[in-house]
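Just protein27.txt here, compact mmCIF, C-alpha atoms:
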# COMPACT_ATOMS: atom_id res chain seq x y z
CA MET A 1 -41.51 147.20 117.25
CA GLY A 2 -39.42 149.98 118.73
CA SER A 3 -41.64 152.69 117.23
CA ALA A 4 -44.78 151.33 118.88
CA ARG A 5 -42.93 150.96 122.18
CA TYR A 6 -41.83 154.58 122.23
CA ASP A 7 -45.13 155.88 120.94
CA ARG A 8 -46.44 154.41 124.19
CA ILE A 9 -43.69 155.24 126.70
CA GLY A 10 -41.88 158.23 125.18
CA CYS A 11 -44.42 160.97 125.89
CA ASN A 12 -42.25 162.97 128.32
CA TYR A 13 -38.73 162.18 127.12
CA SER A 14 -37.95 165.79 126.28
CA GLN A 15 -38.52 166.70 129.94
CA PHE A 16 -36.36 164.03 131.55
CA ARG A 17 -33.94 162.70 128.92
CA ARG A 18 -31.45 165.52 128.55
CA THR A 19 -27.84 165.60 127.38
CA GLU A 20 -25.31 164.64 130.05
CA PRO A 21 -22.26 166.87 129.29
CA THR A 22 -19.63 164.33 130.35
CA TRP A 23 -21.10 161.70 128.04
CA ALA A 24 -21.49 164.20 125.21
CA ALA A 25 -17.80 165.08 125.46
CA GLN A 26 -16.75 161.42 125.24
CA ILE A 27 -19.04 160.74 122.31
CA ASN A 28 -17.91 163.84 120.47
CA ALA A 29 -14.25 162.90 120.94
CA ALA A 30 -14.91 159.37 119.67
CA LEU A 31 -16.57 160.71 116.52
CA GLY A 32 -13.23 162.25 115.69
CA SER A 33 -13.10 164.11 112.39
CA ALA A 34 -16.45 162.81 111.14
CA ALA A 35 -18.22 165.69 109.42
CA THR A 36 -21.43 163.86 108.52
CA VAL A 37 -23.14 161.79 111.24
CA LEU A 38 -26.30 159.70 111.47
CA ASN A 39 -27.78 159.60 114.99
CA VAL A 40 -29.73 156.33 115.15
CA GLY A 41 -32.61 156.19 117.62
CA ALA A 42 -32.14 159.90 118.22
CA GLY A 43 -35.22 160.42 120.34
CA THR A 44 -36.04 164.00 121.22
CA GLY A 45 -32.66 165.43 120.22
CA SER A 46 -30.09 164.78 122.93
CA TYR A 47 -26.42 164.26 122.07
CA GLU A 48 -26.61 165.85 118.64
CA ALA A 49 -23.10 167.22 118.27
CA VAL A 50 -22.71 170.88 117.39
CA GLY A 51 -20.45 171.62 114.42
CA ARG A 52 -21.27 168.48 112.45
CA ASP A 53 -23.71 167.83 109.64
CA LEU A 54 -25.99 165.51 111.60
CA ILE A 55 -29.19 163.77 110.57
CA ALA A 56 -31.36 162.07 113.19
CA LEU A 57 -33.21 158.80 112.65
CA GLU A 58 -36.09 158.00 114.98
CA PRO A 59 -38.90 155.42 114.61
CA SER A 60 -41.42 156.99 117.00
CA ARG A 61 -43.65 159.85 115.88
CA VAL A 62 -44.28 160.71 119.56
CA MET A 63 -40.57 161.22 120.05
CA ILE A 64 -40.14 163.19 116.82
CA ASP A 65 -42.95 165.55 117.77
CA GLN A 66 -41.06 166.48 120.96
CA ARG A 67 -37.96 167.62 119.06
CA SER A 68 -37.29 171.34 119.23
CA ALA A 69 -37.14 173.62 116.21
CA GLU A 70 -33.36 173.90 116.77
CA ALA A 71 -32.80 170.13 116.67
CA SER A 72 -31.12 168.43 113.73
CA PRO A 73 -33.25 167.30 110.76
CA CYS A 74 -34.99 164.03 111.58
CA VAL A 75 -36.10 161.15 109.37
CA GLN A 76 -38.61 158.60 110.63
CA GLY A 77 -37.21 155.12 110.22
CA VAL A 78 -35.58 152.11 111.88
CA ALA A 79 -32.02 150.86 112.14
CA GLU A 80 -32.82 147.63 110.32
CA GLY A 81 -33.81 149.48 107.14
CA LEU A 82 -31.91 152.75 106.86
CA PRO A 83 -33.31 155.00 104.10
CA PHE A 84 -29.85 156.19 103.04
CA ALA A 85 -27.34 155.32 100.34
CA ASP A 86 -24.17 153.35 100.92
CA ASP A 87 -21.45 155.47 102.56
CA ALA A 88 -23.83 158.39 103.01
CA PHE A 89 -22.13 159.35 106.31
CA ASP A 90 -18.70 159.49 107.89
CA ALA A 91 -20.03 157.95 111.09
CA THR A 92 -23.14 156.70 112.87
CA MET A 93 -23.90 157.00 116.57
CA GLY A 94 -26.58 156.07 119.03
CA VAL A 95 -27.19 156.55 122.75
CA LEU A 96 -28.83 153.69 124.68
CA THR A 97 -30.81 152.61 121.64
CA MET A 98 -29.44 149.27 120.47
CA HIS A 99 -31.17 147.17 123.13
CA HIS A 100 -34.48 148.32 121.63
CA TRP A 101 -33.68 147.18 118.08
CA PRO A 102 -35.86 144.17 117.20
CA ASP A 103 -33.09 142.74 114.97
CA ARG A 104 -29.71 143.92 116.25
CA GLU A 105 -27.65 142.07 113.64
CA ALA A 106 -29.64 143.57 110.77
CA GLY A 107 -29.31 147.03 112.31
CA LEU A 108 -25.54 146.68 112.69
CA ARG A 109 -25.19 145.55 109.10
CA GLU A 110 -27.19 148.57 107.99
CA VAL A 111 -25.11 151.09 109.93
CA ALA A 112 -21.98 149.44 108.51
CA ARG A 113 -23.41 149.94 105.03
CA VAL A 114 -23.93 153.69 105.41
CA ALA A 115 -20.75 154.66 107.31
CA PRO A 116 -17.25 153.37 108.17
CA ARG A 117 -17.17 154.49 111.85
CA HIS A 118 -19.63 153.89 114.64
CA VAL A 119 -20.01 155.17 118.21
CA TYR A 120 -22.69 153.62 120.42
CA THR A 121 -23.44 153.70 124.12
CA VAL A 122 -24.67 150.41 125.56
CA TYR A 123 -24.84 148.83 128.98
CA GLU A 124 -23.55 145.56 130.37
CA THR A 125 -26.27 143.81 132.31
CA THR A 126 -24.10 142.31 135.08
CA PRO A 127 -22.83 145.61 136.53
CA ALA A 128 -26.08 147.38 135.59
CA HIS A 129 -28.07 144.93 137.67
CA GLN A 130 -25.89 145.65 140.71
CA LEU A 131 -27.41 149.12 140.97
CA TRP A 132 -29.27 149.37 144.29
CA LEU A 133 -32.46 150.32 142.42
CA ILE A 134 -32.77 146.78 141.11
CA ASP A 135 -33.15 145.54 144.68
CA TYR A 136 -36.55 147.25 144.68
CA PHE A 137 -37.53 146.19 141.16
CA PRO A 138 -35.83 142.79 140.65
CA GLU A 139 -38.31 141.77 137.97
CA VAL A 140 -36.64 144.10 135.47
CA ARG A 141 -33.87 141.52 135.08
CA THR A 142 -36.28 139.38 133.09
CA LEU A 143 -37.50 142.07 130.69
CA PRO A 144 -36.83 141.09 127.06
CA MET A 145 -34.73 144.20 126.46
CA GLU A 146 -32.50 143.26 129.41
CA ARG A 147 -31.89 139.78 128.03
CA ALA A 148 -31.11 141.30 124.62
CA ALA A 149 -28.82 144.08 125.85
CA PRO A 150 -25.78 144.17 123.56
CA ASP A 151 -22.20 144.53 124.71
CA ALA A 152 -18.92 145.07 122.89
CA ALA A 153 -18.51 141.35 122.17
CA LEU A 154 -21.89 141.12 120.48
CA ILE A 155 -21.26 144.26 118.45
CA ASP A 156 -17.89 142.81 117.42
CA GLU A 157 -19.69 139.90 115.78
CA VAL A 158 -20.73 142.28 112.97
CA LEU A 159 -18.53 145.35 113.30
CA ARG A 160 -14.86 145.52 114.36
CA VAL A 161 -14.69 147.04 117.84
CA ILE A 162 -11.59 149.23 118.21
CA ASP A 163 -12.26 150.83 121.60
CA GLU A 164 -14.50 150.48 124.64
CA GLN A 165 -14.70 153.09 127.40
CA VAL A 166 -16.52 153.29 130.72
CA LEU A 167 -19.22 155.96 130.81
CA TRP A 168 -19.10 157.14 134.40
CA VAL A 169 -22.35 158.47 135.83
CA PRO A 170 -21.79 161.66 137.87
CA ARG A 171 -23.84 162.13 141.01
CA ASP A 172 -25.46 165.22 139.44
CA CYS A 173 -26.19 163.49 136.11
CA VAL A 174 -28.84 165.41 134.17
CA GLU A 175 -29.86 162.54 131.90
CA GLY A 176 -32.84 160.44 132.88
CA PHE A 177 -31.66 156.90 132.18
CA ALA A 178 -32.08 154.19 134.78
CA ALA A 179 -28.97 154.85 136.88
CA ALA A 180 -28.88 158.64 136.50
CA SER A 181 -30.30 159.29 140.00
CA TRP A 182 -28.19 156.69 141.80
CA ALA A 183 -27.32 159.32 144.45
CA ARG A 184 -30.76 160.96 144.47
CA PRO A 185 -33.13 158.12 145.43
CA HIS A 186 -36.19 160.32 145.92
CA ASP A 187 -36.17 161.04 142.18
CA TYR A 188 -37.30 157.49 141.50
CA LEU A 189 -40.57 158.08 143.36
CA ASP A 190 -41.72 160.48 140.63
CA PRO A 191 -44.15 158.61 138.33
CA ASP A 192 -43.41 160.96 135.45
CA MET A 193 -39.71 160.26 135.73
CA GLN A 194 -40.44 156.54 135.88
CA ASP A 195 -42.41 156.83 132.64
CA ALA A 196 -39.27 158.16 130.90
CA ILE A 197 -37.19 155.13 131.98
CA SER A 198 -37.87 152.02 129.95
CA LEU A 199 -37.24 149.55 132.78
CA PHE A 200 -40.12 151.18 134.68
CA ALA A 201 -42.35 151.94 131.72
CA LEU A 202 -42.18 148.36 130.44
CA SER A 203 -42.72 146.73 133.83
CA GLU A 204 -46.08 145.55 135.09
CA PRO A 205 -48.03 148.17 137.09
CA GLU A 206 -47.98 145.98 140.19
CA VAL A 207 -44.20 145.67 140.00
CA ARG A 208 -43.86 149.44 139.82
CA ARG A 209 -46.34 150.03 142.63
CA ARG A 210 -44.81 147.51 145.02
CA GLY A 211 -41.22 148.60 144.41
CA THR A 212 -42.03 152.29 144.64
CA GLU A 213 -43.89 151.86 147.90
CA GLN A 214 -41.02 149.87 149.41
CA LEU A 215 -38.47 152.47 148.32
CA ALA A 216 -40.59 155.27 149.80
CA ALA A 217 -40.95 153.37 153.06
CA ASP A 218 -37.19 152.71 153.30
CA LEU A 219 -36.40 156.35 152.62
CA ASP A 220 -38.84 157.45 155.32
CA SER A 221 -37.53 154.96 157.88
CA GLY A 222 -33.86 155.60 157.19
CA LEU A 223 -33.27 152.01 156.07
CA TRP A 224 -32.15 153.18 152.62
CA ASP A 225 -29.48 155.34 154.22
CA GLU A 226 -28.31 152.42 156.34
CA LYS A 227 -27.92 150.24 153.26
CA TYR A 228 -26.69 152.71 150.69
CA GLY A 229 -25.68 155.88 152.51
CA HIS A 230 -22.03 155.20 151.67
CA LEU A 231 -22.82 156.40 148.13
CA ALA A 232 -22.73 159.95 149.47
CA GLU A 233 -18.94 159.64 149.47
CA LEU A 234 -18.78 159.07 145.71
CA ASP A 235 -18.69 161.68 142.95
CA GLU A 236 -19.42 159.20 140.17
CA GLY A 237 -20.28 155.56 139.68
CA ASP A 238 -19.83 152.77 137.15
CA PHE A 239 -23.19 151.12 136.48
CA GLY A 240 -22.30 149.20 133.35
CA TYR A 241 -22.67 151.96 130.78
CA ARG A 242 -20.08 151.71 128.02
CA MET A 243 -19.17 153.60 124.87
CA VAL A 244 -18.20 151.25 122.06
CA VAL A 245 -16.28 152.57 119.05
CA ALA A 246 -16.27 150.32 115.99
CA GLU A 247 -15.47 150.22 112.31
CA ARG A 248 -16.94 148.17 109.51
CA ARG A 249 -15.13 144.93 108.76
Written as structure tokens, how would this file's structure read?
Amino acid sequence: MGSARYDRIGCNYSQFRRTEPTWAAQINAALGSAATVLNVGAGTGSYEAVGRDLIALEPSRVMIDQRSAEASPCVQGVAEGLPFADDAFDATMGVLTMHHWPDREAGLREVARVAPRHVYTVYETTPAHQLWLIDYFPEVRTLPMERAAPDAALIDEVLRVIDEQVLWVPRDCVEGFAAASWARPHDYLDPDMQDAISLFALSEPEVRRRGTEQLAADLDSGLWDEKYGHLAELDEGDFGYRMVVAERR
């Protein structure tokens, strides 16, 4: 279950998983005129749009306990069984949450029940797995959440997708998702930061140890710069993150 997973790995999310302003702007624009919003899998309170009547839904008590006093009201629950009436909201949203839903189809049917518009950030595994970081931790490609990662086509099986946009990752990205430090490789040596990234937190300890040691060695020797130093020329990168806007059928 997603709640048990994040009770185990979500202990320091409030420290590392912060709102990336460029993503927040795209999400806010996609929500349009929605006055009432349900933030599904809201975590510790990132991306909760100011100026809207927003309610957060989060399964993990560990995550809920990290929410600040200024955060939106939060209800403990799961996407597959939303504790809200039909058409209770103008829109639902979620940021990098859907790949953790145990039953994605049931969750999509539930969000369609409570709102007509939906804005979700997801990632496409093919470009995501081209991130240089995966060269050091190739085993993450076989994690169950990676195999289950939804894209626009899968979402369109239940909802009607009306727009899909690239979510570019700036080199100074302040969020702590897997590709956020693509231009700051030393960040990935921090075990606390790794704990806030599910692909690390859900990997076997030996996988994390071996990959981290190899990355550290390549950074010390200059081999990382030889392989990936060209990234210094980029201001942003596309690592498979997408914003999908959909409506109920």
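Minimum atom-to-atom distance to Ala180 of chain A, evaluated using all atoms listed in the file, belongs to A:Ala128 out of A:Val161, A:Ala30, A:Ala128, A:Val40.
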Report the closest atom pair, with its distance in Å rounded to one decimal, for each residue of segment 49-105 of chain A that has an atom no farther than 12 Å from segment 243-247 of chain A; count only C-alpha atoms, sort by chain and then rising residue number, and write it as CSV.
residue,atom,partner,partner_atom,distance
A:Asp90,CA,A:Glu247,CA,10.8
A:Ala91,CA,A:Glu247,CA,9.1
A:Thr92,CA,A:Ala246,CA,9.9
A:Met93,CA,A:Val245,CA,9.2
A:Gly94,CA,A:Met243,CA,9.8
A:Val95,CA,A:Met243,CA,8.8
A:Leu96,CA,A:Met243,CA,9.7
A:Met98,CA,A:Val244,CA,11.5
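For the choices A:Ala178, A:Gly237, A:Ser33, A:Val62, the atom-to-atom distance to Phe137 of chain A is smallest for A:Ala178 when using all atoms listed in the file.
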With only C-alpha atoms as the atoms that count, which of A:Asp238, A:Asp220, A:Glu204, A:Asp163 lies nearest to Tyr120 of chain A? A:Asp163
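Across the structure, atom CA of Thr44 of chain A and atom CA of Thr22 of chain A are spaced 18.8 Å apart.
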Residues near Pro205 of chain A, anyone? I mean within 12 Å using all atoms listed in the file, not counting same-chain ones fewer than 4 positions away, as a PyMOL selection string. chain A and resi 137+139+191+194-195+199-201+209-212
Name the residues in contact with segment 225-232 of chain A at a cut-off of 9 Å, using all atoms listed in the file, excluding same-chain residues fewer than 2 positions from it; report them as a ChimeraX atom specification. /A:132,171,182-183,218-219,221-223,234-235,237
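Atom CA of Arg160 of chain A lies 28.4 Å from atom CA of Arg141 of chain A.
In terms of minimum interatomic distance to Gly32 of chain A, A:Arg52 ranks closest within A:Arg18, A:Arg208, A:Arg52, A:His100, counting all atoms listed in the file.
Ranking A:Pro21, A:Pro138, A:Pro59, A:Gly107 by their shortest atom-to-atom distance to Val174 of chain A, with only C-alpha atoms included, puts A:Pro21 first.
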